[in-house]
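The structure under discussion appears below in the form of structure tokens.
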Amino acid sequence: MNPALHPPAATTTQSASRTGKNRRLALILLAIVVGSLLFVSVQPGLYRAFCEWTGLYDIDRAQEISASAIPGRPITLQFDANSHDGALLFRPQTPILPAKTGDIVHVVYRVENTRDHTVIGQAVPSYGPQYAGNYVKKLDCFCFKQQTFAPREVREMPVVFFLDTRLPEEVNTVTLSYTFFEVPVESRK
Amino acid sequence: MQATSHTGYAGHHDHDSHGHPTGWKRWVTTTNHKDIGSMYLWFSFVMFLVGGAMSLIIRAELFTPGLQYVSPEFYNQMLTLHALIMVFGAIMPAFVGFANWMIPMMIGASDMAFARMNNWSFWLLPPAAILLTASIFVPGGAAGTGWTLYPPLSIQMGMGMDMAIFAVHILGMSSIMGSINIVTTILNMRTPGMTLMKMPLFCWTWLVTAFLLIASMPILAGAVTMLLTDRHFGTSFFSAAGGGDPVLFQHIFWFFGHPEVYIIALPAFGVVSHVIPAFSRKPLFGYVSMVYAIAAIGLISFFVWAHHMYVTGIPLTGQLYFMYATMLIAVPTGVKVFNWVTTMWRGSLTFETPMLFALGFLVLFTIGGLTGLVLAMTAVDIQLQDTYYVVAHFHYVMVAGALFSAYAGLYFWLPKWTGHMYNETLGKWHFWLSMIFFNIAFFPQHFLGLAGMPRRIPDYAQQFADFNVISGIGAFGFGFSQLLVLVVVFQAVKGGARAASRPWDGAHGLEWTVPSPAPYHTFEDPPHFDQAEAHG
């Protein structure tokens, strides 16, 4: 800057006013930054409120909706148990159970080893009618693996399954039957 | 800060010209926009090489199926750091470097509005870069979550994650300060007669970009701070175990993340809007529509975030809204591409290196934009989410978009910066090698993605092997071609043919009215704004 062309006094006031202008603008921009920070800090609350208002991520409500969407049909469940060689006393605790399709059913079987030595075996399921087995979705079952029974041991074993709502309409009674087979020594795991 | 350097300007002038520190002290203490611009550019180039080396580790591992060179954990760290370094360390600082060098010279200002803060914005970057790269060596290694830092994984990682979080904090502060500086400079310090609608487009793109940064960087800072408190202070913003929701992080992250995409793209648009008219020897077609398109892109970018989240279980109405809103962005972007093409129509075209890179940008960015539209469709995206199709898409817009545009700007303004013409032959080699190898590297990734190859996985099924070999060859070729630009810049700094003050006969703007190399101080008096230099 050439002092001869621009008197220093004028330059000083001009620069001072520009400095003030710049500072004011910077403060406005800083306010946007602060506003942005405030905006993000209320997000967790806003998000929760929005989801509750719309019911978007409400798991309980989603379950209610899916449960009420397809009404269950009342059917009868029968449980049966056999032991192939009579080594075990094997009985369901509730032989007959009224239920609805779409239910998650929980039943318990009682097993007693009548021998004085260890028995290793596995339960094999069968269904009546046969094709109803496709609609019994087992979530947990003692039949999934081999069982070892100590001499004279008594044990209660659970089965948990889901009754598919697509069960054909002509089926009103489903029988779930287990037969316990002793596992031959050479194929024991 | 401004007061001291400006109020007593006449008195300080002599001191500045003859007495400024030399050696390393000059660079540490400098408040000169040209020095700071150069430092930003060198820093971004170093980070570009570091991030590039990481991508070559990734491609080496992917060259054949199976695990060859690195463990899956290290692979994840490499892809995370590659992305963070390239986005925050290379591309963003490169365009801030251009902004520092060119904005004051384009609008006839003597320097940036807050020169001392400008120095600070730059010197925040090296500590952040050190935090990021050093996190590889701490127990547990660097963050391995991908650059999106999604919980729950980011809540479980080791201290490398904390270092990444602090690096993001520091980078955010640097960006915000830089942006405040840029907005103030552009709005308050234009030479008399340069109205906003006569301002060069690069300044317009940076004005909008700076507002995007000011509004969106605090959002990211907030998100990673909540991650930090979830990790160490027992809060449960995102931790489902304490009643939080990881999807909330994705909403906040992408509310920042999508504007971030345009933070990178808009300055690239600005550079190309200078280069194409200069080498077509015609004024830019549709200046006003360009300005409105920039503003529209900036605005819409805040309302499309959940198109990154189609598979998180957002409701159908949400999917439809975000799909159509995303497609809406193609309209202003299409206006820009149309205007660039129309600028060239019946122009006297010549194909020097800056123009070649601008044309490469135009073709490849349009391909990337098109695949973006494909991905915007919810039904398609559910199939392509997190596949290599997405990787191909964003490398077409980030590398061929932002990086090619930065090279166009580098070759365009290098004569002004150094006072020497660069080596045109080497420049053309650099362009053609980059263009060919880039496509060899990334085009096959579209096919890989369509065939179902997931991203962020160090191993893959046999049927993807051939395309990965091709992609690997392209990546290594592209990587090593980038060393050429180092040679070109060194040559131009050291010597070569003297550049005229306006080395490109079709170029307009105040920056071409000062000698080459640009003197240390330019426009200490606001220059007369000749309408011949006006854009638009």
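In the structure tokens, chains take letters A, B, ... by order of appearance, with residues numbered from 1 within each chain and ligands from 1 in the order shown.
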
Range 90-104 of chain A surroundings by only C-alpha atoms, 6 Å radius, close-in-sequence under 6 positions cut, as an mmCIF file with C-alpha atoms, in the first residue's frame:
data_model
loop_
_atom_site.group_PDB
_atom_site.id
_atom_site.type_symbol
_atom_site.label_atom_id
_atom_site.label_comp_id
_atom_site.auth_asym_id
_atom_site.auth_seq_id
_atom_site.Cartn_x
_atom_site.Cartn_y
_atom_site.Cartn_z
ATOM 1 C CA GLY A 72 -54.432 -69.077 15.689
ATOM 2 C CA ARG A 73 -56.647 -72.116 15.079
ATOM 3 C CA PRO A 74 -57.408 -74.371 18.051
ATOM 4 C CA ILE A 75 -55.993 -77.894 17.724
ATOM 5 C CA THR A 76 -55.235 -80.811 20.048
ATOM 6 C CA LEU A 77 -51.709 -81.991 20.742
ATOM 7 C CA GLN A 78 -51.057 -85.577 21.844
ATOM 8 C CA PHE A 79 -47.748 -86.735 23.249
ATOM 9 C CA ALA A 81 -43.276 -91.966 24.413
ATOM 10 C CA ARG A 110 -39.949 -87.761 32.353
ATOM 11 C CA VAL A 111 -37.303 -90.467 31.932
ATOM 12 C CA PHE A 161 -41.501 -76.011 19.466
ATOM 13 C CA PHE A 162 -43.432 -73.557 17.375
ATOM 14 C CA LEU A 163 -46.683 -74.634 15.684
ATOM 15 C CA ASP A 164 -46.665 -73.186 12.199
ATOM 16 C CA THR A 165 -49.872 -71.318 11.303
#

For the interface of chain A with chain B (cut-off 7 Å, counting only C-alpha atoms), please tabulate each contacting residue of chain A alongside its nearest pair of atoms and their separation in Å to one decimal, rows sorted by chain and increasing number, as a tab-separated table.
residue	atom	partner	partner_atom	distance
A:Met1	CA	B:Glu524	CA	5.6
A:Pro3	CA	B:Ala10	CA	6.5
A:Thr12	CA	B:Thr7	CA	5.3
A:Ser15	CA	B:Thr7	CA	5.7
A:Ala16	CA	B:Thr7	CA	6.3
A:Thr19	CA	B:Gln2	CA	6.3
A:Asn22	CA	B:Thr184	CA	6.0
A:Leu25	CA	B:Thr184	CA	6.4
A:Ala26	CA	B:Ile180	CA	6.1
A:Leu29	CA	B:Ile180	CA	6.3
A:Ile32	CA	B:Ala215	CA	6.5
A:Val33	CA	B:Ile214	CA	5.8
A:Ser36	CA	B:Ala215	CA	5.7
A:Leu37	CA	B:Pro218	CA	5.3
A:Val40	CA	B:Ile219	CA	5.5
A:Ser41	CA	B:Gly222	CA	6.6
A:Pro44	CA	B:Phe237	CA	6.7

For the residues selected in the previous step, produce a file with N, CA and C atoms as an mmCIF file, in the first residue's frame.
data_model
loop_
_atom_site.group_PDB
_atom_site.id
_atom_site.type_symbol
_atom_site.label_atom_id
_atom_site.label_comp_id
_atom_site.auth_asym_id
_atom_site.auth_seq_id
_atom_site.Cartn_x
_atom_site.Cartn_y
_atom_site.Cartn_z
ATOM 1 N N MET A 1 0.846 -1.194 0.000
ATOM 2 C CA MET A 1 0.000 0.000 0.000
ATOM 3 C C MET A 1 0.877 1.239 0.000
ATOM 4 N N PRO A 3 1.503 4.929 0.876
ATOM 5 C CA PRO A 3 0.943 5.955 1.771
ATOM 6 C C PRO A 3 0.671 7.267 1.052
ATOM 7 N N THR A 12 -6.854 3.610 8.045
ATOM 8 C CA THR A 12 -7.040 3.020 9.359
ATOM 9 C C THR A 12 -8.520 2.847 9.679
ATOM 10 N N SER A 15 -10.003 0.078 7.495
ATOM 11 C CA SER A 15 -9.595 -1.245 7.954
ATOM 12 C C SER A 15 -10.299 -1.613 9.246
ATOM 13 N N ALA A 16 -10.445 -0.612 10.122
ATOM 14 C CA ALA A 16 -11.081 -0.897 11.401
ATOM 15 C C ALA A 16 -12.522 -1.314 11.192
ATOM 16 N N THR A 19 -12.510 -4.812 9.872
ATOM 17 C CA THR A 19 -12.225 -5.768 10.937
ATOM 18 C C THR A 19 -13.472 -6.044 11.750
ATOM 19 N N ASN A 22 -15.798 -8.201 9.735
ATOM 20 C CA ASN A 22 -15.323 -9.589 9.697
ATOM 21 C C ASN A 22 -15.627 -10.301 11.005
ATOM 22 N N LEU A 25 -19.320 -11.167 11.281
ATOM 23 C CA LEU A 25 -19.678 -12.313 10.444
ATOM 24 C C LEU A 25 -19.154 -13.611 11.065
ATOM 25 N N ALA A 26 -17.922 -13.554 11.579
ATOM 26 C CA ALA A 26 -17.349 -14.757 12.194
ATOM 27 C C ALA A 26 -18.194 -15.213 13.373
ATOM 28 N N LEU A 29 -21.235 -16.971 12.091
ATOM 29 C CA LEU A 29 -20.886 -18.325 11.629
ATOM 30 C C LEU A 29 -20.643 -19.246 12.817
ATOM 31 N N ILE A 32 -23.763 -20.572 14.091
ATOM 32 C CA ILE A 32 -24.260 -21.734 13.333
ATOM 33 C C ILE A 32 -23.601 -23.008 13.865
ATOM 34 N N VAL A 33 -22.288 -22.925 14.151
ATOM 35 C CA VAL A 33 -21.578 -24.085 14.694
ATOM 36 C C VAL A 33 -22.217 -24.510 16.019
ATOM 37 N N SER A 36 -25.516 -26.091 15.449
ATOM 38 C CA SER A 36 -25.338 -27.445 14.951
ATOM 39 C C SER A 36 -25.026 -28.407 16.096
ATOM 40 N N LEU A 37 -24.169 -27.950 17.005
ATOM 41 C CA LEU A 37 -23.810 -28.795 18.156
ATOM 42 C C LEU A 37 -25.037 -29.052 19.022
ATOM 43 N N VAL A 40 -27.291 -31.602 17.314
ATOM 44 C CA VAL A 40 -26.882 -33.010 17.414
ATOM 45 C C VAL A 40 -27.050 -33.508 18.846
ATOM 46 N N SER A 41 -26.918 -32.603 19.825
ATOM 47 C CA SER A 41 -26.996 -33.083 21.206
ATOM 48 C C SER A 41 -28.426 -33.421 21.620
ATOM 49 N N PRO A 44 -30.543 -37.786 20.391
ATOM 50 C CA PRO A 44 -31.008 -39.018 21.052
ATOM 51 C C PRO A 44 -32.430 -38.890 21.585
#

Next on the checklist: I'd like the neighbourhood of Gly369 in chain B as a count of residues only, where a residue qualifies if any of its atoms comes within 9 Å (using only C-alpha atoms), though same-chain residues fewer than 3 positions away should be ignored.
Outcome noted: 12

Checklist entry - What does the distance from CA of Asn76 in chain B to CA of Asp386 in chain B come to in Å, to one decimal? => result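 We find that CA of Asn76 in chain B and CA of Asp386 in chain B lie 14.4 Å from each other.
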
Checklist entry - Which value, in Å to one decimal, gives the distance between CA of Leu81 in chain B and CA of Leu132 in chain B? => result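 Separation of CA of Leu81 in chain B and CA of Leu132 in chain B: 7.3 Å.
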
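Taking only C-alpha atoms into account, Ala123 in chain A lies nearest to A:Val159 out of the set A:Val154, A:Val105, A:Val159, A:Val171.
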